[in-house]
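S.K.: protein.txt is reproduced in full below (compact mmCIF, C-alpha atoms).
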# COMPACT_ATOMS: atom_id res chain seq x y z
CA MET A 1 135.74 99.42 69.42
CA LEU A 2 133.89 97.41 66.85
CA LYS A 3 135.24 97.78 63.36
CA TYR A 4 132.32 96.72 61.24
CA PHE A 5 128.77 95.46 61.49
CA ARG A 6 126.83 93.02 59.42
CA VAL A 7 123.26 91.85 59.80
CA LYS A 8 123.03 88.65 61.81
CA GLN A 9 121.67 85.85 59.66
CA GLU A 10 120.25 83.55 62.34
CA PRO A 11 118.48 85.05 65.36
CA GLU A 12 119.34 83.38 68.65
CA LYS A 13 116.80 81.90 71.03
CA ILE A 14 115.90 84.14 73.93
CA VAL A 15 115.52 81.27 76.38
CA PRO A 16 118.06 78.45 76.26
CA ASP A 17 116.80 74.90 76.58
CA LEU A 18 116.94 74.46 80.34
CA GLY A 19 114.49 71.61 80.78
CA ALA A 20 111.98 71.38 83.60
CA ILE A 21 111.87 73.99 86.33
CA SER A 22 113.42 72.53 89.46
CA LEU A 23 114.60 73.93 92.75
CA ALA A 24 118.17 73.56 91.51
CA LEU A 25 117.34 75.57 88.39
CA LEU A 26 115.58 78.25 90.45
CA GLU A 27 118.61 78.55 92.68
CA ARG A 28 121.03 78.71 89.75
CA ASP A 29 120.45 82.17 88.32
CA ALA A 30 117.48 84.47 89.00
CA THR A 31 117.88 86.18 85.62
CA LEU A 32 117.36 83.08 83.45
CA PRO A 33 114.06 83.55 81.62
CA PHE A 34 111.45 80.78 81.71
CA THR A 35 109.01 79.83 78.96
CA ILE A 36 105.27 79.37 79.24
CA ARG A 37 105.82 75.73 78.37
CA GLN A 38 108.12 75.29 81.37
CA LEU A 39 105.45 76.83 83.60
CA ASN A 40 102.73 74.63 82.11
CA ASN A 41 104.74 71.54 83.01
CA LEU A 42 104.60 72.44 86.70
CA PRO A 43 102.02 70.85 89.05
CA GLU A 44 98.52 72.35 88.83
CA ALA A 45 98.59 74.13 92.19
CA VAL A 46 101.96 75.72 91.39
CA LYS A 47 100.65 76.90 88.01
CA GLN A 48 97.58 78.42 89.60
CA ARG A 49 99.74 80.27 92.13
CA LEU A 50 101.96 81.67 89.40
CA TYR A 51 99.29 82.57 86.86
CA ARG A 52 97.23 84.28 89.58
CA GLY A 53 99.80 87.04 89.28
CA LEU A 54 98.41 87.96 85.85
CA LEU A 55 95.02 88.93 87.26
CA PRO A 56 94.59 92.27 89.03
CA PRO A 57 92.56 91.34 92.14
CA ALA A 58 90.26 94.35 91.76
CA LEU A 59 89.27 93.10 88.31
CA LEU A 60 87.79 90.06 90.06
CA THR A 61 86.41 91.51 93.28
CA ARG A 62 84.37 94.15 91.45
CA PHE A 63 82.26 91.26 90.10
CA GLY A 64 82.18 89.36 93.39
CA ILE A 65 84.90 86.87 92.45
CA ASP A 66 87.29 85.62 95.13
CA PRO A 67 90.77 86.54 93.85
CA ILE A 68 92.38 83.49 95.48
CA GLN A 69 89.85 80.73 94.91
CA TRP A 70 88.52 82.22 91.66
CA THR A 71 84.92 81.43 92.63
CA GLY A 72 81.77 83.59 92.57
CA ALA A 73 79.09 84.06 95.21
CA ASP A 74 77.61 80.61 94.46
CA LYS A 75 81.06 79.00 94.73
CA GLU A 76 81.09 78.35 91.00
CA LEU A 77 84.43 78.68 89.25
CA MET A 78 84.50 82.01 87.35
CA VAL A 79 88.15 82.06 86.36
CA HIS A 80 89.23 79.40 83.89
CA LEU A 81 92.85 78.54 83.33
CA GLN A 82 93.95 76.60 80.24
CA ALA A 83 97.60 75.71 80.66
CA GLU A 84 98.02 72.10 79.57
CA PRO A 85 101.33 70.31 80.16
CA GLU A 86 103.63 70.58 77.11
CA SER A 87 101.50 73.43 75.74
CA GLU A 88 103.24 76.68 74.82
CA LYS A 89 100.15 78.74 75.57
CA VAL A 90 98.22 79.88 78.59
CA LEU A 91 94.68 81.22 78.33
CA ILE A 92 92.89 82.78 81.28
CA THR A 93 89.24 83.72 80.98
CA VAL A 94 86.94 85.33 83.53
CA ARG A 95 83.15 85.44 83.54
CA SER A 96 80.84 87.66 85.55
CA SER A 97 78.28 84.83 85.61
CA PRO A 98 78.51 81.14 84.71
CA ALA A 99 77.12 81.94 81.23
CA PRO A 100 79.82 81.87 78.51
CA GLU A 101 78.50 85.11 76.95
CA ASP A 102 79.34 86.90 80.22
CA GLU A 103 83.05 86.36 79.73
CA TYR A 104 84.55 89.79 80.32
CA PHE A 105 88.26 89.09 80.45
CA ALA A 106 90.48 86.91 78.29
CA LEU A 107 94.26 86.83 78.14
CA GLU A 108 96.44 84.47 76.14
CA LEU A 109 100.23 84.40 76.36
CA ALA A 110 102.40 82.07 74.31
CA ASP A 111 106.01 81.24 73.63
CA ASN A 112 107.14 82.26 70.16
CA SER A 113 109.68 80.48 67.96
CA LEU A 114 112.56 82.23 69.75
CA ASN A 115 111.09 81.43 73.17
CA GLY A 116 110.08 85.05 73.59
CA ILE A 117 106.56 85.91 74.72
CA GLU A 118 103.59 86.73 72.50
CA LEU A 119 100.44 88.35 73.80
CA ASN A 120 97.99 86.56 71.49
CA LEU A 121 94.77 87.85 72.95
CA ILE A 122 93.57 90.42 75.43
CA VAL A 123 89.86 91.18 75.87
CA LEU A 124 88.45 93.42 78.57
CA ASN A 125 84.71 93.97 78.14
CA ASP A 126 82.06 95.51 80.34
CA PRO A 127 79.73 92.54 80.94
CA LEU A 128 76.89 94.90 81.84
CA ALA A 129 77.05 96.77 78.52
CA PRO A 130 74.90 95.78 75.50
CA ARG A 131 76.38 92.95 73.41
CA PHE A 132 76.77 93.15 69.63
CA SER A 133 77.13 89.93 67.66
CA ILE A 134 80.00 91.08 65.48
CA ASP A 135 81.70 87.77 66.28
CA ARG A 136 79.04 85.68 64.47
CA THR A 137 77.44 85.95 61.06
CA ALA A 138 73.64 86.00 60.79
CA GLU A 139 73.97 82.26 60.07
CA GLY A 140 75.96 81.72 63.27
CA GLN A 141 79.40 81.25 61.69
CA PRO A 142 82.36 82.66 63.66
CA THR A 143 83.68 85.85 62.06
CA MET A 144 87.01 85.86 63.94
CA PHE A 145 86.18 89.38 65.19
CA GLY A 146 85.24 90.44 61.68
CA THR A 147 88.54 89.43 60.09
CA LEU A 148 87.27 86.28 58.35
CA HIS A 149 83.60 87.17 57.78
CA ARG A 150 81.56 90.19 58.66
CA ASN A 151 78.17 90.70 60.28
CA LEU A 152 77.52 94.12 58.75
CA GLU A 153 74.28 94.74 60.61
CA ALA A 154 75.84 94.04 64.01
CA GLU A 155 78.96 96.01 63.10
CA GLY A 156 76.82 99.01 62.09
CA GLN A 157 75.02 98.87 65.44
CA ALA A 158 78.30 98.50 67.33
CA LYS A 159 79.76 101.50 65.49
CA THR A 160 76.70 103.60 66.29
CA ALA A 161 77.01 102.59 69.95
CA GLY A 162 80.60 103.91 69.99
CA LEU A 163 82.50 100.62 69.86
CA ALA A 164 85.64 100.01 67.84
CA PRO A 165 85.92 97.15 65.35
CA GLY A 166 86.49 93.78 67.01
CA GLN A 167 84.60 94.74 70.18
CA VAL A 168 81.48 92.79 71.14
CA ARG A 169 80.89 95.05 74.13
CA ALA A 170 82.15 98.41 75.33
CA GLY A 171 85.48 98.24 77.09
CA LEU A 172 85.65 97.80 80.85
CA GLY A 173 88.52 100.23 81.40
CA GLY A 174 91.45 99.22 83.53
CA SER A 175 93.74 97.98 80.78
CA LYS A 176 96.56 100.06 82.31
CA VAL A 177 96.48 97.91 85.46
CA VAL A 178 96.27 94.70 83.42
CA PHE A 179 99.39 95.67 81.46
CA GLU A 180 101.21 96.52 84.67
CA HIS A 181 100.43 93.00 85.88
CA ILE A 182 101.66 91.47 82.62
CA ASP A 183 104.91 93.45 82.97
CA SER A 184 105.36 92.26 86.56
CA PHE A 185 104.53 88.66 85.72
CA LEU A 186 106.98 88.54 82.81
CA ALA A 187 109.69 90.27 84.84
CA MET A 188 109.20 87.55 87.45
CA LEU A 189 109.77 84.98 84.69
CA GLY A 190 112.91 86.84 83.61
CA HIS A 191 111.68 88.29 80.30
CA ARG A 192 112.58 91.77 79.10
CA ALA A 193 109.90 92.26 76.47
CA TYR A 194 106.80 90.80 74.86
CA PHE A 195 105.20 91.12 71.47
CA LEU A 196 101.76 91.32 69.85
CA GLU A 197 100.01 91.90 66.56
CA PRO A 198 97.18 94.40 67.03
CA LEU A 199 93.84 93.36 65.57
CA THR A 200 92.78 96.87 64.58
CA TYR A 201 94.02 100.43 64.18
CA ALA A 202 92.19 101.31 67.40
CA SER A 203 93.93 98.58 69.37
CA ALA A 204 97.34 99.65 67.99
CA TRP A 205 96.58 103.17 69.21
CA VAL A 206 95.64 101.84 72.67
CA PHE A 207 98.85 99.77 72.80
CA GLU A 208 100.87 102.89 71.93
CA ARG A 209 99.34 104.57 74.99
CA ARG A 210 100.29 101.55 77.06
CA GLY A 211 103.94 102.01 76.12
CA PHE A 212 104.40 99.73 73.09
CA ALA A 213 106.75 100.48 70.19
CA TYR A 214 106.69 98.94 66.72
CA VAL A 215 108.75 96.06 65.40
CA ARG A 216 106.95 96.50 62.06
CA GLY A 217 104.49 99.11 60.91
CA HIS A 218 105.50 102.37 62.62
CA LYS A 219 105.94 104.02 59.24
CA LEU A 220 102.62 102.56 58.08
CA MET A 221 100.89 104.14 61.09
CA ASP A 222 102.52 107.49 60.22
CA ASP A 223 101.44 107.07 56.59
CA ILE A 224 97.88 106.30 57.69
CA HIS A 225 97.80 109.44 59.84
CA ARG A 226 98.98 111.58 56.93
CA ALA A 227 96.56 109.97 54.49
CA PHE A 228 93.59 110.77 56.75
CA GLN A 229 94.36 114.49 56.64
CA PRO A 230 92.17 116.58 54.30
CA GLY A 231 93.50 116.07 50.79
CA GLY A 232 95.01 112.69 51.71
CA ALA A 233 94.29 109.45 49.88
CA LEU A 234 92.32 107.88 52.75
CA TYR A 235 90.40 111.06 53.48
CA ALA A 236 89.26 111.04 49.84
CA CYS A 237 87.84 107.54 50.32
CA LEU A 238 85.51 108.65 53.11
CA ASP A 239 82.79 109.19 50.54
CA ASP A 240 79.66 107.81 52.29
CA ARG A 241 79.82 104.71 50.10
CA SER A 242 79.13 102.64 53.21
CA PRO A 243 78.20 103.39 56.84
CA PHE A 244 81.85 102.73 57.66
CA ARG A 245 83.22 105.43 55.36
CA LYS A 246 81.91 108.77 56.55
CA GLN A 247 84.02 111.91 56.35
CA GLU A 248 83.86 112.71 60.07
CA GLN A 249 85.57 109.39 60.81
CA ALA A 250 88.93 110.86 59.72
CA GLY A 251 89.20 112.77 62.98
CA THR A 252 88.82 109.93 65.46
CA VAL A 253 90.68 106.73 66.29
CA ARG A 254 87.51 104.62 66.17
CA GLY A 255 86.33 106.27 62.95
CA ARG A 256 89.62 105.53 61.22
CA ALA A 257 89.61 102.00 62.61
CA TRP A 258 86.16 101.26 61.14
CA ALA A 259 87.20 102.64 57.74
CA ILE A 260 90.36 100.51 57.79
CA HIS A 261 88.29 97.49 58.88
CA ASP A 262 86.12 98.23 55.82
CA GLY A 263 89.14 97.86 53.53
CA ILE A 264 90.04 101.50 52.93
CA LEU A 265 93.81 100.78 53.00
CA ASP A 266 93.51 99.45 49.44
CA ALA A 267 93.66 103.12 48.40
CA ILE A 268 97.28 103.36 49.59
CA ASP A 269 98.10 99.83 48.49
CA GLN A 270 98.43 98.53 52.05
CA ARG A 271 96.77 95.92 54.23
CA TRP A 272 96.26 95.66 57.98
CA ASP A 273 98.40 92.57 58.45
CA LYS A 274 101.94 93.87 58.82
CA ILE A 275 101.85 95.46 62.23
CA ARG A 276 103.89 93.98 65.05
CA MET A 277 104.43 95.71 68.37
CA VAL A 278 106.76 95.25 71.32
CA LYS A 279 106.55 96.23 74.96
CA GLN A 280 109.79 96.57 76.87
CA ILE A 281 109.21 95.50 80.45
CA GLY A 282 109.01 98.52 82.72
CA ARG A 283 109.51 101.05 79.93
CA ARG A 284 107.20 103.22 77.86
CA ALA A 285 108.27 103.87 74.29
CA GLY A 286 106.30 107.12 73.99
CA VAL A 287 104.98 106.46 70.48
CA GLU A 288 102.18 108.74 69.29
CA THR A 289 101.27 108.22 65.63
CA PHE A 290 98.00 110.15 65.96
CA PRO A 291 98.96 113.27 67.93
CA GLN A 292 96.20 114.81 70.06
CA ALA A 293 93.92 112.01 69.00
CA VAL A 294 90.23 111.88 69.83
CA TYR A 295 89.28 108.29 70.56
CA MET B 1 121.44 113.53 88.92
CA ALA B 2 121.33 112.93 85.18
CA GLU B 3 118.66 114.55 83.07
CA THR B 4 116.89 112.13 80.69
CA HIS B 5 114.81 112.66 77.57
CA ARG B 6 113.26 110.31 75.05
CA ILE B 7 111.93 110.50 71.50
CA THR B 8 110.54 107.61 69.43
CA ARG B 9 110.08 107.83 65.68
CA ALA B 10 109.52 105.50 62.75
CA ALA B 11 112.69 104.19 61.15
CA PHE B 12 112.73 106.13 57.91
CA LEU B 13 114.91 108.90 56.63
CA GLU B 14 112.43 111.72 57.23
CA SER B 15 112.73 111.03 60.97
CA LEU B 16 116.42 111.99 61.03
CA ASN B 17 115.52 115.66 61.17
CA ASP B 18 113.34 115.05 64.25
CA PHE B 19 116.26 113.37 66.00
CA ARG B 20 118.61 116.25 65.09
CA GLN B 21 116.12 118.85 66.34
CA PHE B 22 115.56 116.84 69.54
CA LEU B 23 119.29 116.78 70.28
CA LYS B 24 119.63 120.47 69.53
CA GLU B 25 116.64 121.32 71.73
CA HIS B 26 117.93 119.42 74.76
CA CYS B 27 121.71 119.82 74.44
CA ARG B 28 122.24 123.38 73.24
CA GLY B 29 122.91 125.55 76.23
CA VAL B 30 124.01 122.67 78.46
CA THR B 31 127.27 123.52 80.21
CA GLY B 32 130.13 121.87 78.37
CA VAL B 33 128.19 121.21 75.14
CA THR B 34 130.00 123.21 72.48
CA GLU B 35 128.73 123.61 68.92
CA GLU B 36 131.39 121.10 67.89
CA ILE B 37 130.14 118.52 70.38
CA LEU B 38 126.55 119.09 69.27
CA TYR B 39 127.61 118.62 65.64
CA ASP B 40 129.50 115.42 66.52
CA ILE B 41 126.59 113.78 68.32
CA GLN B 42 124.15 114.79 65.59
CA LEU B 43 126.45 113.25 63.00
CA ALA B 44 126.87 110.05 65.03
CA VAL B 45 123.10 109.71 65.54
CA ASP B 46 122.48 110.43 61.84
CA GLU B 47 124.88 107.68 60.84
CA ALA B 48 123.65 105.17 63.41
CA CYS B 49 120.00 105.75 62.47
CA THR B 50 120.77 105.53 58.77
CA ASN B 51 122.39 102.16 59.45
CA ILE B 52 119.27 100.99 61.33
CA ILE B 53 116.96 102.27 58.58
CA THR B 54 118.85 100.82 55.64
CA HIS B 55 120.10 97.55 57.16
CA GLY B 56 118.36 96.88 60.48
CA TYR B 57 114.88 97.25 59.05
CA ALA B 58 115.78 96.09 55.54
CA ASN B 59 112.97 94.21 53.77
CA MET B 60 110.39 94.93 56.43
CA ASP B 61 107.85 97.64 57.07
CA PRO B 62 109.92 99.88 59.31
CA GLY B 63 109.36 99.78 63.03
CA SER B 64 110.49 102.23 65.70
CA ILE B 65 113.75 103.83 66.75
CA ILE B 66 113.82 104.94 70.38
CA LEU B 67 116.39 107.59 71.23
CA ASP B 68 117.21 107.99 74.93
CA LEU B 69 119.36 110.97 75.84
CA GLU B 70 121.04 111.21 79.22
CA ILE B 71 122.76 114.46 80.14
CA ASP B 72 125.34 114.17 82.88
CA ARG B 73 127.69 116.81 84.16
CA ASP B 74 130.62 115.35 82.28
CA LYS B 75 129.09 113.42 79.38
CA LEU B 76 126.17 112.86 77.04
CA THR B 77 124.91 109.31 76.61
CA ILE B 78 122.66 108.46 73.71
CA ALA B 79 121.03 105.04 73.44
CA LEU B 80 119.38 104.12 70.13
CA THR B 81 117.08 101.11 70.33
CA ASP B 82 115.49 99.36 67.38
CA PHE B 83 113.68 96.05 66.87
CA GLY B 84 114.91 95.14 63.42
CA HIS B 85 117.56 92.68 62.35
CA THR B 86 120.40 92.29 64.80
CA PHE B 87 123.91 93.31 63.83
CA GLU B 88 127.06 91.47 64.73
CA PRO B 89 130.68 92.43 64.38
CA GLY B 90 131.97 91.56 60.92
CA SER B 91 135.38 90.76 59.63
CA ALA B 92 135.52 93.30 56.83
CA PRO B 93 138.34 95.83 57.07
CA VAL B 94 137.91 99.41 58.17
CA PRO B 95 137.48 101.61 55.07
CA ASP B 96 140.62 103.34 53.92
CA VAL B 97 139.75 107.00 54.23
CA ASP B 98 143.20 108.06 53.09
CA ALA B 99 142.86 106.38 49.72
CA PRO B 100 142.11 108.58 46.69
CA ILE B 101 138.34 108.99 46.37
CA GLU B 102 138.15 107.03 43.12
CA GLU B 103 139.84 104.05 44.80
CA ARG B 104 137.68 103.94 47.93
CA GLU B 105 135.22 101.10 48.48
CA MET B 106 131.58 102.07 48.67
CA GLY B 107 129.96 101.81 52.11
CA GLY B 108 131.40 101.02 55.51
CA PHE B 109 131.92 104.68 56.38
CA GLY B 110 128.95 105.02 58.74
CA LEU B 111 130.61 103.19 61.58
CA PHE B 112 133.86 105.02 60.93
CA PHE B 113 132.11 108.39 61.23
CA ILE B 114 130.40 107.28 64.45
CA GLN B 115 133.70 106.20 65.95
CA GLN B 116 135.30 109.49 64.96
CA SER B 117 132.45 111.52 66.43
CA VAL B 118 131.99 109.96 69.88
CA ASP B 119 134.30 108.78 72.64
CA ARG B 120 132.71 105.40 73.11
CA MET B 121 130.32 103.13 71.26
CA ASP B 122 128.67 99.96 72.60
CA TYR B 123 126.19 97.60 71.02
CA ARG B 124 123.90 95.11 72.73
CA ALA B 125 121.27 92.83 71.21
CA SER B 126 118.67 91.46 73.59
CA GLU B 127 115.06 90.30 73.82
CA ASP B 128 113.99 93.92 74.26
CA GLY B 129 115.72 95.23 71.15
CA ASN B 130 119.08 96.18 69.73
CA THR B 131 120.71 99.09 71.50
CA MET B 132 123.66 101.14 70.33
CA THR B 133 124.98 103.38 73.09
CA LEU B 134 127.08 106.41 72.20
CA THR B 135 129.01 108.34 74.81
CA LYS B 136 130.49 111.80 74.31
CA PHE B 137 132.50 113.46 77.04
CA LEU B 138 131.87 117.14 77.51
CA ALA B 139 134.35 119.97 77.37
CA LYS B 140 135.72 120.94 80.76
CA THR B 141 134.49 124.29 81.99
CA MET B 142 136.39 126.86 84.06
CA GLU B 143 134.24 125.86 87.01
CA ASP B 144 135.34 122.23 86.63
CA GLU B 145 138.97 123.27 86.41
CA HIS B 146 138.70 125.20 89.67
CA GLU B 147 137.23 122.20 91.43
CA HIS B 148 140.23 120.01 90.63
What would the structure in this file look like if it were written as structure tokens?
M.R.:
Amino acid sequence: MLKYFRVKQEPEKIVPDLGAISLALLERDATLPFTIRQLNNLPEAVKQRLYRGLLPPALLTRFGIDPIQWTGADKELMVHLQAEPESEKVLITVRSSPAPEDEYFALELADNSLNGIELNLIVLNDPLAPRFSIDRTAEGQPTMFGTLHRNLEAEGQAKTAGLAPGQVRAGLGGSKVVFEHIDSFLAMLGHRAYFLEPLTYASAWVFERRGFAYVRGHKLMDDIHRAFQPGGALYACLDDRSPFRKQEQAGTVRGRAWAIHDGILDAIDQRWDKIRMVKQIGRRAGVETFPQAVY
Amino acid sequence: MAETHRITRAAFLESLNDFRQFLKEHCRGVTGVTEEILYDIQLAVDEACTNIITHGYANMDPGSIILDLEIDRDKLTIALTDFGHTFEPGSAPVPDVDAPIEEREMGGFGLFFIQQSVDRMDYRASEDGNTMTLTKFLAKTMEDEHEH
């Protein structure tokens, strides 16, 4: 039995430096995890074969996209893969038409400093739903989904239409299947977990339902839930001062998310920049920080 | 076939009561789980979680602790997973519990209590978290005795 524990000072890398993927390396040990960078250094056709596994075929065929060739009815390429050699990131985007504004799916995975996997971006929009320009200011400057600048008029319209902060269109549904594909893809690579930093309170809640736990911020989510109860510090701030701070918002995930997006966490001396979540491959953590939540 | 249950809570002291209640809810009444065994596993989980809360998640906004309980015919297995700082075996001596109280060193007793309370303790740090696994063998029942 162990006699004593101390906190480890230097975390170890998850993936050892194995160099380029070769047949010899593949034959060596099926449990050795690979990095995104190693995949990106493979020939283009091999990369396309591998990354195809991240896309649920039905997500493509429902918009007339060939799940193998990635082309639409007019043979135009609708799925775009950015996976440059030596890059530690892969970005896959899908459009329902050749127009950039009809992009309805985006997924970015990256190696982190320990050679673990980060889910940097996941977007799943209904391309047929109305679009709200929350991603651009009235002057056309990028808002970084409202985190850098805000387009208050567009955000107000998006809120009224039932969207959560950060959404330009209503969700497409089907995120459960997408996460199952991410799990399978990363298991194929040999990873046991992946990490993300949720953009909003609403996205953290969705990730909880998809089986994520918290590396940082579980207590903060519990504190937020308590503070939105009648008599709580956040509930008291829902004073109609802005369209994003109405009392009825306390009872819904989206309502709370808009109030937090509007800066309400100042009241409990917190900011929405500490949250980090983890998904164990093939496991659901069962976190529920807003019990019986109404979305 | 083992019976499995899971609870996930934030890593702060108020959650300890939830873990205790969870163990009581699922273990009390199980054949071979005496009140003494229930007390022992609650104590071990209390100490292990306190260690995670105070050291594993030190200097960070606390994340989650996942408690997986597996009830077998002859043993209880409890796996506690966290995503905080990883522990490693240290070289410090085991605390001297026989020393007069005024001469005892502060700290270091958590692991000692865990070891005294369970039959086996394992620790694994991996990409998908740090997991301490505690195993407690159950008391033999009359039925078991007859089978052997």
S.K.: With distances taken over all atoms listed in the file, which residue among A:Gly19, A:Pro57, A:Val123, A:Glu208 lies nearest A:Leu39?
M.R.: A:Gly19
S.K.: Looking at A:Lys279, A:Lys47, A:Lys89, A:Arg95, which one is nearest to chain B, with distances taken over all atoms listed in the file?
M.R.: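 Selected residue with least distance to chain B: A:Lys279.
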S.K.: Fewer than 6 positions away in the same chain doesn't count, so skip those; otherwise give me all residues within 12 Å of A:Arg49, counting all atoms listed in the file, as a list of chain:residue names.
M.R.: A:Leu39, A:Asn40, A:Leu42, A:Pro43, A:Leu55, A:Pro67, A:Ile68, A:Gln69, A:Trp70, A:Leu81, A:Phe185
S.K.: Looking at A:Val94, A:Cys237, A:Ile268, A:Leu220, which one is nearest to chain B, with distances taken over all atoms listed in the file?
M.R.: A:Leu220
S.K.: Determine which residues of chain A sit within 6 Å of chain B, taking into account only C-alpha atoms, and present them as a ChimeraX atom specification.
M.R.: /A:4-8,192-193,214-219,280,287
S.K.: In Å, how far is it from atom CA of B:Asp18 to atom CA of A:Leu234?
M.R.: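 Going from atom CA of B:Asp18 over to atom CA of A:Leu234 covers 25.0 Å.
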S.K.: Using all atoms listed in the file, which protein or nucleic acid residues come within 10 Å of A:Ser203? Drop anything in the same chain fewer than 2 positions from it, and give the result as a list in words.
M.R.: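 The filter keeps Ala164, Pro165, Gly166, Glu197, Pro198, Leu199, Thr200, Tyr201, Trp205, Val206, Phe207, Glu208, Arg209, Val253, Arg254 and Ala257 of chain A.
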S.K.: Give me the residues near A:Gly162 as a PDB file with C-alpha atoms, in the coordinates of the input, where near means some atom within 12 Å (using only C-alpha atoms) and where sequence neighbours in that chain fewer than 3 positions away do not count.
M.R.:
ATOM      1  CA  ALA A 129      77.050  96.770  78.520  1.00  0.00           C
ATOM      2  CA  PRO A 130      74.900  95.780  75.500  1.00  0.00           C
ATOM      3  CA  PHE A 132      76.770  93.150  69.630  1.00  0.00           C
ATOM      4  CA  GLU A 155      78.960  96.010  63.100  1.00  0.00           C
ATOM      5  CA  GLY A 156      76.820  99.010  62.090  1.00  0.00           C
ATOM      6  CA  GLN A 157      75.020  98.870  65.440  1.00  0.00           C
ATOM      7  CA  ALA A 158      78.300  98.500  67.330  1.00  0.00           C
ATOM      8  CA  LYS A 159      79.760 101.500  65.490  1.00  0.00           C
ATOM      9  CA  PRO A 165      85.920  97.150  65.350  1.00  0.00           C
ATOM     10  CA  GLN A 167      84.600  94.740  70.180  1.00  0.00           C
ATOM     11  CA  VAL A 168      81.480  92.790  71.140  1.00  0.00           C
ATOM     12  CA  ARG A 169      80.890  95.050  74.130  1.00  0.00           C
ATOM     13  CA  ALA A 170      82.150  98.410  75.330  1.00  0.00           C
ATOM     14  CA  GLY A 171      85.480  98.240  77.090  1.00  0.00           C
ATOM     15  CA  GLN A 249      85.570 109.390  60.810  1.00  0.00           C
ATOM     16  CA  THR A 252      88.820 109.930  65.460  1.00  0.00           C
ATOM     17  CA  VAL A 253      90.680 106.730  66.290  1.00  0.00           C
ATOM     18  CA  ARG A 254      87.510 104.620  66.170  1.00  0.00           C
ATOM     19  CA  GLY A 255      86.330 106.270  62.950  1.00  0.00           C
ATOM     20  CA  ALA A 257      89.610 102.000  62.610  1.00  0.00           C
ATOM     21  CA  TRP A 258      86.160 101.260  61.140  1.00  0.00           C
ATOM     22  CA  TYR A 295      89.280 108.290  70.560  1.00  0.00           C
TER      23      TYR A 295
END
S.K.: Counting all atoms listed in the file, I want the residues whose atoms come within 10 Å of (126.2, 110.8, 64.4) in the file frame, returned as a ChimeraX atom specification.
M.R.: /B:20,38-50,110-111,113-118,134
S.K.: Figure out the distance between atom CA of A:Val90 and atom CA of A:Leu109, please, to one decimal in Å.
M.R.: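 Pair atom CA of A:Leu109 / atom CA of A:Val90 returns 5.4 Å.
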S.K.: So how many Å separate atom CA of A:Arg28 and atom CA of A:Glu118, to one decimal?
M.R.: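 Interatomic distance, atom CA of A:Arg28 to atom CA of A:Glu118: 25.8 Å.
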S.K.: Excluding stretch 259-262 of chain A and any residue of its chain fewer than 2 positions from it, enumerate the residues within 6 Å of it, using all atoms listed in the file, and give them as a list in words.
M.R.: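 With the cut-off at 6 Å, the set is Phe244, Arg245, Arg256, Ala257, Ile264 and Leu265 of chain A.
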S.K.: I want to know what sits within 10 Å of B:Cys27, based on all atoms listed in the file, with residues of the same chain fewer than 6 positions away left out; could you give that as a list in words?
M.R.: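 Counting only the stated atoms, we get Gln21, Val33, Thr34, Glu35, Ile37, Leu38, Ile41, Leu69, Glu70, Ile71 and Leu76 of chain B.
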S.K.: I need the chosen residues saved as a short mmCIF file (atom, residue, chain, number, x, y, z; two decimals), in the coordinates of the input, with C-alpha atoms.
M.R.:
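And here's part.cif as it stands now:
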data_model
loop_
_atom_site.label_atom_id
_atom_site.label_comp_id
_atom_site.auth_asym_id
_atom_site.auth_seq_id
_atom_site.Cartn_x
_atom_site.Cartn_y
_atom_site.Cartn_z
CA GLN B 21 116.12 118.85 66.34
CA VAL B 33 128.19 121.21 75.14
CA THR B 34 130.00 123.21 72.48
CA GLU B 35 128.73 123.61 68.92
CA ILE B 37 130.14 118.52 70.38
CA LEU B 38 126.55 119.09 69.27
CA ILE B 41 126.59 113.78 68.32
CA LEU B 69 119.36 110.97 75.84
CA GLU B 70 121.04 111.21 79.22
CA ILE B 71 122.76 114.46 80.14
CA LEU B 76 126.17 112.86 77.04
#
